[in-house]
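Visitor: Sharing start_26.cif here; it has mmCIF, N, CA and C atoms.
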data_work
loop_
_atom_site.label_atom_id
_atom_site.label_comp_id
_atom_site.auth_asym_id
_atom_site.auth_seq_id
_atom_site.Cartn_x
_atom_site.Cartn_y
_atom_site.Cartn_z
N MET A 4 24.45 -16.87 -3.25
CA MET A 4 25.18 -15.90 -4.05
C MET A 4 26.02 -16.64 -5.08
N THR A 5 26.04 -16.12 -6.27
CA THR A 5 26.79 -16.70 -7.38
C THR A 5 28.24 -16.23 -7.33
N SER A 6 29.15 -17.13 -7.64
CA SER A 6 30.57 -16.79 -7.62
C SER A 6 30.98 -16.20 -8.98
N PRO A 7 32.13 -15.53 -9.02
CA PRO A 7 32.63 -15.03 -10.30
C PRO A 7 32.82 -16.15 -11.33
N ASP A 8 33.26 -17.31 -10.90
CA ASP A 8 33.46 -18.43 -11.83
C ASP A 8 32.15 -18.84 -12.48
N GLU A 9 31.07 -18.86 -11.68
CA GLU A 9 29.76 -19.23 -12.23
C GLU A 9 29.23 -18.15 -13.17
N LEU A 10 29.32 -16.90 -12.75
CA LEU A 10 28.81 -15.81 -13.59
C LEU A 10 29.63 -15.65 -14.86
N ASP A 11 30.91 -15.95 -14.79
CA ASP A 11 31.79 -15.80 -15.94
C ASP A 11 31.30 -16.65 -17.11
N THR A 12 30.75 -17.82 -16.81
CA THR A 12 30.27 -18.69 -17.88
C THR A 12 28.86 -18.32 -18.33
N GLN A 13 28.13 -17.56 -17.54
CA GLN A 13 26.75 -17.21 -17.86
C GLN A 13 26.62 -15.89 -18.60
N LEU A 14 27.59 -15.00 -18.45
CA LEU A 14 27.46 -13.65 -18.99
C LEU A 14 28.56 -13.33 -19.99
N THR A 15 28.21 -12.54 -20.97
CA THR A 15 29.23 -11.97 -21.85
C THR A 15 29.74 -10.71 -21.17
N LEU A 16 30.81 -10.15 -21.69
CA LEU A 16 31.31 -8.89 -21.13
C LEU A 16 30.23 -7.82 -21.23
N ARG A 17 29.54 -7.76 -22.34
CA ARG A 17 28.50 -6.76 -22.56
C ARG A 17 27.35 -6.90 -21.54
N THR A 18 26.89 -8.12 -21.32
CA THR A 18 25.78 -8.29 -20.37
C THR A 18 26.23 -8.06 -18.94
N ALA A 19 27.47 -8.43 -18.63
CA ALA A 19 27.98 -8.18 -17.28
C ALA A 19 28.10 -6.68 -17.02
N VAL A 20 28.58 -5.94 -18.01
CA VAL A 20 28.72 -4.48 -17.86
C VAL A 20 27.35 -3.83 -17.73
N ALA A 21 26.39 -4.28 -18.52
CA ALA A 21 25.04 -3.69 -18.45
C ALA A 21 24.43 -3.88 -17.07
N ARG A 22 24.53 -5.07 -16.53
CA ARG A 22 23.98 -5.33 -15.19
C ARG A 22 24.76 -4.54 -14.13
N PHE A 23 26.09 -4.51 -14.26
CA PHE A 23 26.94 -3.75 -13.34
C PHE A 23 26.51 -2.29 -13.34
N GLU A 24 26.35 -1.70 -14.52
CA GLU A 24 25.97 -0.29 -14.63
C GLU A 24 24.60 -0.04 -14.02
N ASP A 25 23.68 -0.96 -14.21
CA ASP A 25 22.35 -0.82 -13.62
C ASP A 25 22.44 -0.78 -12.09
N LEU A 26 23.14 -1.74 -11.53
CA LEU A 26 23.27 -1.79 -10.07
C LEU A 26 24.08 -0.62 -9.55
N ARG A 27 25.15 -0.27 -10.24
CA ARG A 27 26.02 0.84 -9.80
C ARG A 27 25.26 2.16 -9.81
N THR A 28 24.43 2.35 -10.82
CA THR A 28 23.63 3.58 -10.90
C THR A 28 22.63 3.63 -9.76
N ARG A 29 21.98 2.52 -9.50
CA ARG A 29 21.04 2.48 -8.37
C ARG A 29 21.75 2.75 -7.06
N GLU A 30 22.94 2.19 -6.90
CA GLU A 30 23.70 2.40 -5.67
C GLU A 30 24.07 3.88 -5.51
N ALA A 31 24.50 4.49 -6.59
CA ALA A 31 24.90 5.90 -6.54
C ALA A 31 23.70 6.81 -6.29
N LEU A 32 22.58 6.52 -6.92
CA LEU A 32 21.39 7.37 -6.77
C LEU A 32 20.73 7.22 -5.41
N ALA A 33 20.93 6.11 -4.75
CA ALA A 33 20.31 5.90 -3.44
C ALA A 33 20.83 6.89 -2.42
N GLY A 34 22.01 7.45 -2.66
CA GLY A 34 22.58 8.42 -1.73
C GLY A 34 22.24 9.85 -2.09
N GLU A 35 21.60 10.05 -3.24
CA GLU A 35 21.25 11.39 -3.70
C GLU A 35 19.98 11.87 -2.99
N ASP A 36 19.44 12.95 -3.49
CA ASP A 36 18.22 13.54 -2.91
C ASP A 36 16.96 12.90 -3.49
N ASP A 37 17.06 11.65 -3.88
CA ASP A 37 15.92 10.93 -4.43
C ASP A 37 14.88 10.74 -3.32
N PRO A 38 13.64 11.18 -3.57
CA PRO A 38 12.62 11.05 -2.52
C PRO A 38 12.27 9.60 -2.21
N ASP A 39 12.40 8.73 -3.19
CA ASP A 39 12.09 7.31 -3.00
C ASP A 39 13.28 6.45 -3.41
N PRO A 40 14.40 6.58 -2.69
CA PRO A 40 15.57 5.79 -3.09
C PRO A 40 15.31 4.30 -2.90
N ILE A 41 15.85 3.54 -3.80
CA ILE A 41 15.75 2.08 -3.69
C ILE A 41 17.16 1.56 -3.48
N PRO A 42 17.57 1.45 -2.23
CA PRO A 42 18.94 0.98 -1.98
C PRO A 42 19.09 -0.48 -2.42
N LEU A 43 20.32 -0.82 -2.72
CA LEU A 43 20.60 -2.20 -3.10
C LEU A 43 20.41 -3.11 -1.90
N THR A 44 19.92 -4.30 -2.18
CA THR A 44 19.83 -5.31 -1.13
C THR A 44 21.23 -5.86 -0.89
N ARG A 45 21.36 -6.64 0.14
CA ARG A 45 22.65 -7.28 0.42
C ARG A 45 23.07 -8.15 -0.75
N ASP A 46 22.12 -8.93 -1.30
CA ASP A 46 22.45 -9.80 -2.43
C ASP A 46 22.84 -9.00 -3.66
N GLU A 47 22.18 -7.89 -3.91
CA GLU A 47 22.54 -7.05 -5.05
C GLU A 47 23.91 -6.41 -4.87
N THR A 48 24.23 -6.02 -3.65
CA THR A 48 25.55 -5.45 -3.38
C THR A 48 26.63 -6.50 -3.63
N LEU A 49 26.40 -7.72 -3.18
CA LEU A 49 27.35 -8.80 -3.44
C LEU A 49 27.43 -9.12 -4.93
N GLU A 50 26.29 -9.05 -5.62
CA GLU A 50 26.28 -9.27 -7.06
C GLU A 50 27.13 -8.20 -7.76
N LEU A 51 27.02 -6.96 -7.29
CA LEU A 51 27.79 -5.86 -7.85
C LEU A 51 29.29 -6.14 -7.71
N LEU A 52 29.70 -6.61 -6.56
CA LEU A 52 31.11 -6.98 -6.36
C LEU A 52 31.52 -8.12 -7.30
N THR A 53 30.67 -9.13 -7.39
CA THR A 53 30.96 -10.27 -8.26
C THR A 53 31.05 -9.84 -9.71
N LEU A 54 30.13 -8.99 -10.14
CA LEU A 54 30.15 -8.50 -11.52
C LEU A 54 31.43 -7.73 -11.81
N GLY A 55 31.89 -6.94 -10.85
CA GLY A 55 33.15 -6.22 -11.02
C GLY A 55 34.30 -7.18 -11.28
N GLU A 56 34.33 -8.27 -10.56
CA GLU A 56 35.38 -9.28 -10.75
C GLU A 56 35.25 -9.96 -12.11
N VAL A 57 34.03 -10.29 -12.51
CA VAL A 57 33.80 -10.93 -13.81
C VAL A 57 34.26 -10.00 -14.93
N ILE A 58 33.91 -8.73 -14.82
CA ILE A 58 34.30 -7.75 -15.84
C ILE A 58 35.82 -7.62 -15.91
N ALA A 59 36.46 -7.56 -14.76
CA ALA A 59 37.93 -7.46 -14.73
C ALA A 59 38.57 -8.68 -15.39
N ARG A 60 38.05 -9.86 -15.10
CA ARG A 60 38.60 -11.08 -15.70
C ARG A 60 38.42 -11.08 -17.21
N LYS A 61 37.20 -10.79 -17.65
CA LYS A 61 36.91 -10.80 -19.09
C LYS A 61 37.72 -9.72 -19.81
N ALA A 62 37.84 -8.56 -19.22
CA ALA A 62 38.61 -7.48 -19.85
C ALA A 62 40.09 -7.87 -19.91
N GLY A 63 40.60 -8.48 -18.85
CA GLY A 63 42.00 -8.91 -18.83
C GLY A 63 42.29 -9.94 -19.90
N TYR A 64 41.38 -10.90 -20.05
CA TYR A 64 41.55 -11.92 -21.08
C TYR A 64 41.50 -11.28 -22.46
N GLY A 65 40.53 -10.39 -22.66
CA GLY A 65 40.42 -9.70 -23.94
C GLY A 65 41.63 -8.85 -24.24
N ARG A 66 42.18 -8.22 -23.21
CA ARG A 66 43.39 -7.40 -23.40
C ARG A 66 44.53 -8.26 -23.93
N GLN A 67 44.72 -9.43 -23.36
CA GLN A 67 45.83 -10.27 -23.79
C GLN A 67 45.61 -10.82 -25.20
N LEU A 68 44.35 -11.08 -25.56
CA LEU A 68 44.08 -11.49 -26.94
C LEU A 68 44.42 -10.35 -27.91
N THR A 69 44.13 -9.13 -27.50
CA THR A 69 44.44 -7.97 -28.34
C THR A 69 45.94 -7.72 -28.39
N VAL A 70 46.63 -7.96 -27.30
CA VAL A 70 48.10 -7.86 -27.31
C VAL A 70 48.65 -8.85 -28.33
N ARG A 71 48.12 -10.06 -28.31
CA ARG A 71 48.57 -11.08 -29.27
C ARG A 71 48.29 -10.62 -30.70
N SER A 72 47.12 -10.03 -30.94
CA SER A 72 46.79 -9.51 -32.27
C SER A 72 47.73 -8.38 -32.67
N ALA A 73 48.07 -7.52 -31.71
CA ALA A 73 48.99 -6.41 -32.00
C ALA A 73 50.36 -6.96 -32.41
N ARG A 74 50.83 -7.98 -31.69
CA ARG A 74 52.11 -8.59 -32.05
C ARG A 74 52.03 -9.22 -33.43
N ALA A 75 50.94 -9.90 -33.73
CA ALA A 75 50.77 -10.53 -35.04
C ALA A 75 50.74 -9.48 -36.15
N ALA A 76 50.24 -8.29 -35.82
CA ALA A 76 50.18 -7.19 -36.79
C ALA A 76 51.51 -6.44 -36.89
N GLY A 77 52.51 -6.84 -36.09
CA GLY A 77 53.84 -6.25 -36.19
C GLY A 77 54.17 -5.20 -35.15
N ALA A 78 53.33 -5.02 -34.14
CA ALA A 78 53.59 -4.01 -33.11
C ALA A 78 54.76 -4.41 -32.22
N SER A 79 55.57 -3.43 -31.85
CA SER A 79 56.68 -3.66 -30.93
C SER A 79 56.15 -3.69 -29.50
N TRP A 80 56.96 -4.23 -28.60
CA TRP A 80 56.57 -4.21 -27.19
C TRP A 80 56.56 -2.79 -26.65
N ALA A 81 57.41 -1.94 -27.20
CA ALA A 81 57.40 -0.53 -26.77
C ALA A 81 56.06 0.12 -27.13
N ALA A 82 55.58 -0.15 -28.35
CA ALA A 82 54.29 0.42 -28.78
C ALA A 82 53.14 -0.16 -27.96
N ILE A 83 53.19 -1.46 -27.70
CA ILE A 83 52.15 -2.10 -26.88
C ILE A 83 52.19 -1.53 -25.47
N GLY A 84 53.38 -1.38 -24.91
CA GLY A 84 53.50 -0.79 -23.58
C GLY A 84 52.91 0.61 -23.52
N ARG A 85 53.21 1.43 -24.54
CA ARG A 85 52.63 2.78 -24.59
C ARG A 85 51.11 2.72 -24.63
N ALA A 86 50.57 1.82 -25.45
CA ALA A 86 49.11 1.69 -25.58
C ALA A 86 48.47 1.28 -24.25
N LEU A 87 49.21 0.52 -23.45
CA LEU A 87 48.70 0.07 -22.15
C LEU A 87 49.08 1.00 -21.01
N GLY A 88 49.84 2.04 -21.32
CA GLY A 88 50.26 2.98 -20.28
C GLY A 88 51.32 2.42 -19.36
N THR A 89 52.17 1.56 -19.90
CA THR A 89 53.21 0.93 -19.09
C THR A 89 54.48 0.81 -19.91
N THR A 90 55.45 0.10 -19.40
CA THR A 90 56.69 -0.12 -20.13
C THR A 90 56.57 -1.35 -21.01
N LYS A 91 57.49 -1.45 -21.98
CA LYS A 91 57.49 -2.65 -22.83
C LYS A 91 57.77 -3.90 -21.99
N GLN A 92 58.64 -3.78 -20.99
CA GLN A 92 58.97 -4.91 -20.13
C GLN A 92 57.73 -5.38 -19.36
N SER A 93 57.00 -4.44 -18.77
CA SER A 93 55.80 -4.80 -18.00
C SER A 93 54.73 -5.41 -18.90
N ALA A 94 54.57 -4.85 -20.09
CA ALA A 94 53.57 -5.39 -21.03
C ALA A 94 53.94 -6.82 -21.42
N TRP A 95 55.21 -7.04 -21.72
CA TRP A 95 55.66 -8.37 -22.10
C TRP A 95 55.50 -9.36 -20.95
N GLU A 96 55.88 -8.94 -19.73
CA GLU A 96 55.77 -9.82 -18.57
C GLU A 96 54.31 -10.20 -18.30
N ALA A 97 53.40 -9.25 -18.42
CA ALA A 97 51.98 -9.56 -18.21
C ALA A 97 51.50 -10.57 -19.25
N HIS A 98 51.94 -10.39 -20.49
CA HIS A 98 51.53 -11.32 -21.54
C HIS A 98 52.15 -12.70 -21.32
N ALA A 99 53.40 -12.73 -20.91
CA ALA A 99 54.06 -14.02 -20.63
C ALA A 99 53.34 -14.75 -19.49
N ARG A 100 52.92 -14.01 -18.46
CA ARG A 100 52.16 -14.63 -17.35
C ARG A 100 50.83 -15.18 -17.86
N TRP A 101 50.18 -14.43 -18.76
CA TRP A 101 48.92 -14.88 -19.33
C TRP A 101 49.12 -16.19 -20.10
N ILE A 102 50.17 -16.28 -20.90
CA ILE A 102 50.46 -17.51 -21.64
C ILE A 102 50.68 -18.65 -20.66
N ASP A 103 51.46 -18.41 -19.60
CA ASP A 103 51.69 -19.44 -18.58
C ASP A 103 50.38 -19.88 -17.94
N ASP A 104 49.53 -18.93 -17.64
CA ASP A 104 48.21 -19.21 -17.06
C ASP A 104 47.37 -20.07 -17.99
N GLN A 105 47.38 -19.72 -19.27
CA GLN A 105 46.61 -20.49 -20.25
C GLN A 105 47.13 -21.92 -20.35
N ALA A 106 48.45 -22.08 -20.30
CA ALA A 106 49.05 -23.42 -20.33
C ALA A 106 48.65 -24.22 -19.10
N ALA A 107 48.67 -23.57 -17.94
CA ALA A 107 48.30 -24.26 -16.69
C ALA A 107 46.83 -24.67 -16.70
N GLN A 108 45.97 -23.82 -17.23
CA GLN A 108 44.54 -24.16 -17.31
C GLN A 108 44.34 -25.39 -18.19
N HIS A 109 45.02 -25.41 -19.32
CA HIS A 109 44.87 -26.56 -20.22
C HIS A 109 45.44 -27.83 -19.59
N HIS A 110 46.54 -27.67 -18.91
CA HIS A 110 47.15 -28.83 -18.23
C HIS A 110 46.21 -29.37 -17.15
N ALA A 111 45.50 -28.48 -16.47
CA ALA A 111 44.62 -28.89 -15.37
C ALA A 111 43.38 -29.63 -15.85
N ASP A 112 42.78 -29.17 -16.95
CA ASP A 112 41.51 -29.80 -17.34
C ASP A 112 41.48 -30.34 -18.77
N GLY A 113 42.53 -30.09 -19.53
CA GLY A 113 42.61 -30.62 -20.89
C GLY A 113 41.67 -29.96 -21.89
N VAL A 114 40.95 -28.93 -21.46
CA VAL A 114 39.97 -28.30 -22.34
C VAL A 114 40.22 -26.80 -22.47
N SER A 115 40.20 -26.11 -21.34
CA SER A 115 40.34 -24.65 -21.37
C SER A 115 41.79 -24.25 -21.57
N GLY A 116 42.00 -22.98 -21.75
CA GLY A 116 43.36 -22.48 -21.91
C GLY A 116 43.92 -22.81 -23.28
N LEU A 117 45.24 -22.82 -23.37
CA LEU A 117 45.94 -23.09 -24.62
C LEU A 117 46.68 -24.42 -24.53
N ASP A 118 46.56 -25.24 -25.59
CA ASP A 118 47.30 -26.49 -25.61
C ASP A 118 48.77 -26.22 -25.89
N GLU A 119 49.59 -27.26 -25.87
CA GLU A 119 51.05 -27.09 -26.01
C GLU A 119 51.44 -26.39 -27.30
N LEU A 120 50.78 -26.76 -28.39
CA LEU A 120 51.10 -26.14 -29.67
C LEU A 120 50.75 -24.66 -29.66
N ALA A 121 49.58 -24.33 -29.14
CA ALA A 121 49.16 -22.92 -29.08
C ALA A 121 50.06 -22.12 -28.15
N VAL A 122 50.51 -22.73 -27.06
CA VAL A 122 51.43 -22.06 -26.14
C VAL A 122 52.76 -21.77 -26.85
N ALA A 123 53.27 -22.77 -27.58
CA ALA A 123 54.53 -22.58 -28.30
C ALA A 123 54.40 -21.46 -29.33
N ARG A 124 53.29 -21.45 -30.06
CA ARG A 124 53.07 -20.39 -31.04
C ARG A 124 52.95 -19.02 -30.37
N SER A 125 52.26 -18.99 -29.24
CA SER A 125 52.08 -17.73 -28.51
C SER A 125 53.42 -17.20 -28.00
N ARG A 126 54.25 -18.09 -27.48
CA ARG A 126 55.57 -17.67 -26.99
C ARG A 126 56.45 -17.16 -28.14
N ARG A 127 56.38 -17.85 -29.27
CA ARG A 127 57.17 -17.42 -30.43
C ARG A 127 56.70 -16.05 -30.92
N LEU A 128 55.40 -15.85 -30.97
CA LEU A 128 54.85 -14.57 -31.40
C LEU A 128 55.21 -13.46 -30.42
N ALA A 129 55.18 -13.79 -29.12
CA ALA A 129 55.50 -12.78 -28.09
C ALA A 129 56.95 -12.35 -28.18
N GLY A 130 57.83 -13.27 -28.49
CA GLY A 130 59.25 -12.94 -28.56
C GLY A 130 59.75 -12.44 -27.23
N ARG A 131 60.65 -11.47 -27.28
CA ARG A 131 61.21 -10.85 -26.08
C ARG A 131 60.86 -9.37 -26.09
N PRO A 132 60.91 -8.71 -24.94
CA PRO A 132 60.52 -7.29 -24.89
C PRO A 132 61.41 -6.37 -25.71
N ASP A 133 62.61 -6.82 -26.04
CA ASP A 133 63.51 -5.95 -26.81
C ASP A 133 63.43 -6.23 -28.31
N ASP A 134 62.46 -7.09 -28.72
CA ASP A 134 62.28 -7.35 -30.15
C ASP A 134 61.87 -6.05 -30.86
N ASP A 135 62.49 -5.79 -31.98
CA ASP A 135 62.18 -4.56 -32.74
C ASP A 135 61.13 -4.84 -33.81
N ARG A 136 59.92 -4.44 -33.51
CA ARG A 136 58.85 -4.49 -34.51
C ARG A 136 58.26 -3.10 -34.59
N GLY A 137 57.65 -2.80 -35.70
CA GLY A 137 56.93 -1.56 -35.97
C GLY A 137 57.02 -0.54 -34.99
#
Spit out the file's structure as structure tokens when you get a sec.
Guide:
Amino acid sequence: MTSPDELDTQLTLRTAVARFEDLRTREALAGEDDPDPIPLTRDETLELLTLGEVIARKAGYGRQLTVRSARAAGASWAAIGRALGTTKQSAWEAHARWIDDQAAQHHADGVSGLDELAVARSRRLAGRPDDDRG
């Protein structure tokens, strides 16, 4: 069985979602009145779980990149929080954790994540949750 870390490097968000939807549809239809249901195998069921994790990771990373873009475009943390269905404080804290995570990844392997300069720029752009923008 492939791990989320392995699949994450092999699939784009689009291909992961397509495969997830294929397996999820088969899983759902196997319980219907289908005369010839094709239930998922054990490996396919585990793949479905793994794909869900890969999609969540990729979506989370993409969300934080979009948060950064929103800040660069002048959005306030209150507006970002509303867009995410949360408070400005929670939105800011999630983004701050993401920046910390990116710094730790780069520190660990020197390649992935954000280097020191990118981290400093990201923190400056993030500001504080009470910053008044747009």
Visitor: If we count only C-alpha atoms, what is near Ala129 of chain A at a cut-off of 9 Å, once residues fewer than 4 positions away on the same chain are taken out, given as a PDB file with N, CA and C atoms, in the frame of the given file?
Guide:
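Writing done, so here's part-v8.pdb:
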ATOM      1  N   VAL A  70      46.630  -7.960 -27.300  1.00  0.00           N
ATOM      2  CA  VAL A  70      48.100  -7.860 -27.310  1.00  0.00           C
ATOM      3  C   VAL A  70      48.650  -8.850 -28.330  1.00  0.00           C
ATOM      4  N   ARG A  71      48.120 -10.060 -28.310  1.00  0.00           N
ATOM      5  CA  ARG A  71      48.570 -11.080 -29.270  1.00  0.00           C
ATOM      6  C   ARG A  71      48.290 -10.620 -30.700  1.00  0.00           C
ATOM      7  N   ARG A  74      50.830  -7.980 -31.690  1.00  0.00           N
ATOM      8  CA  ARG A  74      52.110  -8.590 -32.050  1.00  0.00           C
ATOM      9  C   ARG A  74      52.030  -9.220 -33.430  1.00  0.00           C
ATOM     10  N   ALA A  75      50.940  -9.900 -33.730  1.00  0.00           N
ATOM     11  CA  ALA A  75      50.770 -10.530 -35.040  1.00  0.00           C
ATOM     12  C   ALA A  75      50.740  -9.480 -36.150  1.00  0.00           C
ATOM     13  N   TRP A  80      56.960  -4.230 -28.600  1.00  0.00           N
ATOM     14  CA  TRP A  80      56.570  -4.210 -27.190  1.00  0.00           C
ATOM     15  C   TRP A  80      56.560  -2.790 -26.650  1.00  0.00           C
ATOM     16  N   TRP A  95      55.210  -7.040 -21.720  1.00  0.00           N
ATOM     17  CA  TRP A  95      55.660  -8.370 -22.100  1.00  0.00           C
ATOM     18  C   TRP A  95      55.500  -9.360 -20.950  1.00  0.00           C
ATOM     19  N   HIS A  98      51.940 -10.390 -20.490  1.00  0.00           N
ATOM     20  CA  HIS A  98      51.530 -11.320 -21.540  1.00  0.00           C
ATOM     21  C   HIS A  98      52.150 -12.700 -21.320  1.00  0.00           C
ATOM     22  N   ALA A  99      53.400 -12.730 -20.910  1.00  0.00           N
ATOM     23  CA  ALA A  99      54.060 -14.020 -20.630  1.00  0.00           C
ATOM     24  C   ALA A  99      53.340 -14.750 -19.490  1.00  0.00           C
ATOM     25  N   ARG A 124      53.290 -21.450 -30.060  1.00  0.00           N
ATOM     26  CA  ARG A 124      53.070 -20.390 -31.040  1.00  0.00           C
ATOM     27  C   ARG A 124      52.950 -19.020 -30.370  1.00  0.00           C
ATOM     28  N   SER A 125      52.260 -18.990 -29.240  1.00  0.00           N
ATOM     29  CA  SER A 125      52.080 -17.730 -28.510  1.00  0.00           C
ATOM     30  C   SER A 125      53.420 -17.200 -28.000  1.00  0.00           C
ATOM     31  N   ASP A 134      62.460  -7.090 -28.720  1.00  0.00           N
ATOM     32  CA  ASP A 134      62.280  -7.350 -30.150  1.00  0.00           C
ATOM     33  C   ASP A 134      61.870  -6.050 -30.860  1.00  0.00           C
TER      34      ASP A 134
END
Visitor: Evaluate the PyMOL selection byres (((chain A and resi 15-29 and name CA) around 9) and name CA) against this structure - the residues, as a list in words, please.
Guide: Leu10, Asp11, Thr12, Gln13, Leu14, Glu30, Ala31, Leu32, Ala33, Pro40, Ile41, Pro42, Leu43, Glu47, Thr48, Glu50, Leu51, Leu52, Leu54, Gly55, Val57, Ile58, Lys61 and Ala62 of chain A
Visitor: Give the answer as one residue: which of A:Ala123, A:Val114, A:Ala97, A:Leu87 has the shortest atom-to-atom distance to Gln67 of chain A, using all atoms listed in the file?
Guide: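 Selected residue with least distance to Gln67 of chain A: A:Ala97.
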Visitor: What gap, in Å, lies between atom N of Asp104 of chain A and atom CA of Thr5 of chain A?
Guide: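 Pair atom N of Asp104 of chain A / atom CA of Thr5 of chain A returns 25.0 Å.
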Visitor: From a DSSP calculation on the backbone, collect every residue of chain A in helix (DSSP H, G or I) and output the set as an NGL selection string.
Guide: :A and (7-13 or 16-32 or 45-75 or 80-87 or 91-112 or 119-129)
Visitor: So the first atom is atom C of Gly130 of chain A and the second is atom CA of Lys91 of chain A; what is the distance between them in Å, to one decimal place?
Guide: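 Separation of atom C of Gly130 of chain A and atom CA of Lys91 of chain A: 11.0 Å.
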Visitor: Report the distance between atom N of Ala121 of chain A and atom CA of Gln105 of chain A in Å, rounded to one decimal place.
Guide: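 So the answer is 10.1 Å.
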Visitor: Build an axis-aligned box that encloses every atom of segment 72-88 of chain A listed in the file, pad it by 6 Å on each side, and report its centre and edge lengths in Å to one decimal, as lines of an AutoDock Vina configuration file.
Guide:
center_x = 52.1
center_y = -3.8
center_z = -28.1
size_x = 22.6
size_y = 25.5
size_z = 29.5
Visitor: Which residues are near segment 81-86 of chain A? Cut-off 8 Å, only N, CA and C atoms, ignore same chain within fewer than 2 positions. Put them as an mmCIF file with N, CA and C atoms, in the coordinates of the input.
Guide:
data_model
loop_
_atom_site.group_PDB
_atom_site.id
_atom_site.type_symbol
_atom_site.label_atom_id
_atom_site.label_comp_id
_atom_site.auth_asym_id
_atom_site.auth_seq_id
_atom_site.Cartn_x
_atom_site.Cartn_y
_atom_site.Cartn_z
ATOM 1 N N VAL A 70 46.630 -7.960 -27.300
ATOM 2 C CA VAL A 70 48.100 -7.860 -27.310
ATOM 3 C C VAL A 70 48.650 -8.850 -28.330
ATOM 4 N N ALA A 73 48.070 -7.520 -31.710
ATOM 5 C CA ALA A 73 48.990 -6.410 -32.000
ATOM 6 C C ALA A 73 50.360 -6.960 -32.410
ATOM 7 N N ARG A 74 50.830 -7.980 -31.690
ATOM 8 C CA ARG A 74 52.110 -8.590 -32.050
ATOM 9 C C ARG A 74 52.030 -9.220 -33.430
ATOM 10 N N ALA A 78 53.330 -5.020 -34.140
ATOM 11 C CA ALA A 78 53.590 -4.010 -33.110
ATOM 12 C C ALA A 78 54.760 -4.410 -32.220
ATOM 13 N N SER A 79 55.570 -3.430 -31.850
ATOM 14 C CA SER A 79 56.680 -3.660 -30.930
ATOM 15 C C SER A 79 56.150 -3.690 -29.500
ATOM 16 N N GLY A 88 49.840 2.040 -21.320
ATOM 17 C CA GLY A 88 50.260 2.980 -20.280
ATOM 18 C C GLY A 88 51.320 2.420 -19.360
ATOM 19 N N THR A 89 52.170 1.560 -19.900
ATOM 20 C CA THR A 89 53.210 0.930 -19.090
ATOM 21 C C THR A 89 54.480 0.810 -19.910
ATOM 22 N N THR A 90 55.450 0.100 -19.400
ATOM 23 C CA THR A 90 56.690 -0.120 -20.130
ATOM 24 C C THR A 90 56.570 -1.350 -21.010
ATOM 25 N N LYS A 91 57.490 -1.450 -21.980
ATOM 26 C CA LYS A 91 57.490 -2.650 -22.830
ATOM 27 C C LYS A 91 57.770 -3.900 -21.990
ATOM 28 N N GLN A 92 58.640 -3.780 -20.990
ATOM 29 C CA GLN A 92 58.970 -4.910 -20.130
ATOM 30 C C GLN A 92 57.730 -5.380 -19.360
ATOM 31 N N SER A 93 57.000 -4.440 -18.770
ATOM 32 C CA SER A 93 55.800 -4.800 -18.000
ATOM 33 C C SER A 93 54.730 -5.410 -18.900
ATOM 34 N N ALA A 94 54.570 -4.850 -20.090
ATOM 35 C CA ALA A 94 53.570 -5.390 -21.030
ATOM 36 C C ALA A 94 53.940 -6.820 -21.420
ATOM 37 N N TRP A 95 55.210 -7.040 -21.720
ATOM 38 C CA TRP A 95 55.660 -8.370 -22.100
ATOM 39 C C TRP A 95 55.500 -9.360 -20.950
ATOM 40 N N PRO A 132 60.910 -8.710 -24.940
ATOM 41 C CA PRO A 132 60.520 -7.290 -24.890
ATOM 42 C C PRO A 132 61.410 -6.370 -25.710
ATOM 43 N N ASP A 133 62.610 -6.820 -26.040
ATOM 44 C CA ASP A 133 63.510 -5.950 -26.810
ATOM 45 C C ASP A 133 63.430 -6.230 -28.310
ATOM 46 N N ASP A 134 62.460 -7.090 -28.720
ATOM 47 C CA ASP A 134 62.280 -7.350 -30.150
ATOM 48 C C ASP A 134 61.870 -6.050 -30.860
ATOM 49 N N ASP A 135 62.490 -5.790 -31.980
ATOM 50 C CA ASP A 135 62.180 -4.560 -32.740
ATOM 51 C C ASP A 135 61.130 -4.840 -33.810
ATOM 52 N N ARG A 136 59.920 -4.440 -33.510
ATOM 53 C CA ARG A 136 58.850 -4.490 -34.510
ATOM 54 C C ARG A 136 58.260 -3.100 -34.590
ATOM 55 N N GLY A 137 57.650 -2.800 -35.700
ATOM 56 C CA GLY A 137 56.930 -1.560 -35.970
ATOM 57 C C GLY A 137 57.020 -0.540 -34.990
#
